[in-house]
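Here's the structure we're looking at; comments come further down.
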Amino acid sequence: MIAARDPDNELTQAYLPDFCAAGTLFIIVLVAELIAIALTLASYGPAQQFLIELSKTSFFILWIALLGTALMCQLKGYLESAGQTRAFVLSFAVLEIMCLVVAEGAWQLTRIYGESLIIDDTHATFILRTFAISSIVIALAMRYLYISSEWRRSIVLEAQARISALQALIRPHFLFNSMNTIASLTRSDPALAEEAVEDLSDLLRANLGGSSNKSPLKQELETAAIYQRIEKLRLGDRLAVRWDIGELPMRARIPSLTIQPLLENAIYHGIELLPDGGEVVVTGSRDGDHLQIAISNPVAVGEKRATGGNKMAMSNIKQRFELAYGNKATVTIDDGGDLFTVTLRFPLDEGAA
Amino acid sequence: MKVLVVDDEQPARERLKQLLDDETAYEFIGEAANGGDAVRLSAELRPDIVLLDIRMPGLDGIETARHLNSMDEPPAVVFTTAYDEYAIDAFDARAVGYVLKPVRRARLTAALEQASRLAPSTLTSVASAAKMTAVRKHVCARAHGELRLIPVAEIACFRAEQKYITVDHLNGEDLIDESLKALAEEFSSDFVRIHRSVLVAVRCIARIEKTEDGKSRIVLRDNSQVDDKELIISRRHLAEVRRRLKGV
């Protein structure tokens, strides 16, 4: 299994670009220059003075941009370990203070050496203007960085979900045991063997399939049901699954590949370890504009819970729900007593299906 | 050669049965769906070879194989598995026979031909190399030619008496043929030695009390159903027993 990287750490890293890299510096200089041009264009004044104004503004802005980059580069190590919100607040504050210091410095230098009118403003308004403009630009830049990192994260997570579902499916145990079952059935019950091959193909197709982020609940449940049929062949009477989901609107869309991996966990870590088997219970309920799906399985006494693979699948599902619904969705795990229950609660999204 | 098939999955047992039926040198004599049944059936049917699945609920294949070794003439064991990375490495390293699922006829006959008895020490080292717990969940007692599995969780104490060890448990007492030293090591997390010849389950100890002649003895909890008059703590072990009781 691929070593799981710490997702939180990855997150901050993705959120802030590497300010020490030459490429980032180049882009920052470019953006600073564009802002300088925009600001100069926006300020009225005689046309012949445009270049002079532009160089003054550029000079000022480049100081800010380069110093800011240097500061962010210095703070890199700390920001990466600080967590998202703190990194955001801290970089904003540091950059803002730096802007004000540069503005104050520029004002003082002009006052001492500036015989000609370099800054055509009063002290207070100059500082205020710098403050306002820099706040807006920094906030916009951070928002941009945040959104693009979230977007990247969603792509990464979805790819991970697909890979881990595939890995689970090709979890050698499942695949080889299923093949063994089919090998046995080809003699004793060819019709059932045929069905099993079809089911296994459908399951592989569903997991390899398209890249849609969310799928209709109906489709998710069908995939889970196919999975259940294959496991049933193997485990026989030991496996029972109770689907208590009549209340759920089948058109509702949910992050794809979530129900089947959860059912799989319930079987692999729960039912299979019980000599007499047990019942996985899937309950769905609707409460206003929220849906709730809970999957629970009995646990063998004294068995170790939440092994590596299990944890990874769970954290992936958690993150994808968080990404899809923000804080409107919750994924809770209850492993008290002899039942292990995962509960998904998320807003109803009937989509434009 | 008589072969017993043990697997918790019916189709997997069916597959082995089909393959064995095609072979003239081997005779399928029965099947078991779990380790406990496997031990009982082996004592009854006396197979020459047991085909044993590794991943089974309750008693796993490796522990089952260790119990099979308690028989007078233990059968040879061939493990079957779909995929157990660590176990397979351990088997390869110790020349333990195994077959991978889906089972191939050629591989099965080759493994059956080479099947040999496994020494208890081999199984212990396989268990730890395979990252499975080397601590058994049961001990195996022999009574009237029958093998009886006693859950370790129901055992109150082991007492060494002459050649055998008496196991006091919820349903009475049985004799097992093992060494107290090995038992003490294997179950060190749940049992404490109170005397050169006695191991007591820590969870069964109610308290320590003084006898009239100034010795210390263990008082067991009421529900452990064991006559406790013999559980004298030797002076050498007293400190350790106290320490373990505090730790609970």
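A note on labels: chains of the structure tokens are A, B, ... as shown, every chain counts residues from 1, and ligands are counted from 1 in their shown order.
Every protein, DNA or RNA residue with an atom at most 7 Å from stretch 180-182 of chain B, where only C-alpha atoms count and chain neighbours fewer than 3 positions away do not, is listed here: B:Ala160, B:Glu185, B:Glu186.
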Got a sec to pull out which chain A residues are within 6 Å of chain B, counting only C-alpha atoms, and send them as an MDAnalysis selection string? chainID A and resid 172:173 176:177 179:181 184 234:235 273:275
Write a file of the just-selected residues containing N, CA and C atoms, as a tab-separated table (two decimals), in the first residue's frame.
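Result written to selection.tsv:
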chain	number	residue	atom	x	y	z
A	172	PRO	N	-5.60	-7.82	-2.83
A	172	PRO	CA	-5.36	-9.17	-3.33
A	172	PRO	C	-6.32	-10.20	-2.73
A	173	HIS	N	-6.63	-10.01	-1.45
A	173	HIS	CA	-7.52	-10.96	-0.81
A	173	HIS	C	-8.84	-11.08	-1.54
A	176	PHE	N	-8.37	-12.42	-5.36
A	176	PHE	CA	-8.00	-13.83	-5.48
A	176	PHE	C	-9.05	-14.75	-4.88
A	177	ASN	N	-9.64	-14.32	-3.78
A	177	ASN	CA	-10.71	-15.14	-3.20
A	177	ASN	C	-11.89	-15.23	-4.16
A	179	MET	N	-11.78	-14.94	-7.39
A	179	MET	CA	-11.37	-15.80	-8.51
A	179	MET	C	-11.46	-17.28	-8.11
A	180	ASN	N	-11.05	-17.54	-6.88
A	180	ASN	CA	-11.11	-18.92	-6.38
A	180	ASN	C	-12.55	-19.40	-6.31
A	181	THR	N	-13.42	-18.49	-5.85
A	181	THR	CA	-14.85	-18.81	-5.79
A	181	THR	C	-15.37	-19.14	-7.19
A	184	SER	N	-14.27	-22.42	-8.45
A	184	SER	CA	-15.03	-23.50	-7.85
A	184	SER	C	-16.42	-23.62	-8.46
A	234	ARG	N	-19.04	-15.95	-1.35
A	234	ARG	CA	-17.89	-16.43	-0.61
A	234	ARG	C	-18.26	-16.75	0.84
A	235	LEU	N	-18.98	-15.80	1.44
A	235	LEU	CA	-19.22	-15.90	2.88
A	235	LEU	C	-20.52	-16.63	3.21
A	273	LEU	N	-14.30	-11.57	10.35
A	273	LEU	CA	-13.55	-12.00	11.53
A	273	LEU	C	-14.45	-12.67	12.56
A	274	LEU	N	-15.74	-12.74	12.26
A	274	LEU	CA	-16.67	-13.36	13.20
A	274	LEU	C	-16.99	-14.78	12.75
A	275	PRO	N	-16.74	-15.76	13.62
A	275	PRO	CA	-16.97	-17.15	13.22
A	275	PRO	C	-18.40	-17.39	12.73
Give me the residues near A:Ala224 as JSON, numbers by chain, where near means some atom within 8 Å (using only C-alpha atoms) and where sequence neighbours in that chain fewer than 2 positions away do not count. {"A": [220, 221, 222, 226, 227, 228, 259, 260, 263]}
Write to file, as an mmCIF file, in the first residue's frame, the residues of the selection just made, with C-alpha atoms.
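Result saved to part.cif:
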data_model
loop_
_atom_site.group_PDB
_atom_site.id
_atom_site.type_symbol
_atom_site.label_atom_id
_atom_site.label_comp_id
_atom_site.auth_asym_id
_atom_site.auth_seq_id
_atom_site.Cartn_x
_atom_site.Cartn_y
_atom_site.Cartn_z
ATOM 1 C CA GLU A 220 -23.747 4.191 -5.560
ATOM 2 C CA LEU A 221 -26.158 1.734 -3.980
ATOM 3 C CA GLU A 222 -26.135 -0.467 -7.068
ATOM 4 C CA ILE A 226 -22.991 -5.876 -6.661
ATOM 5 C CA TYR A 227 -20.143 -5.948 -4.206
ATOM 6 C CA GLN A 228 -22.425 -7.513 -1.646
ATOM 7 C CA ILE A 259 -20.898 3.503 0.060
ATOM 8 C CA GLN A 260 -19.093 0.507 -1.438
ATOM 9 C CA LEU A 263 -19.554 -1.703 3.068
#
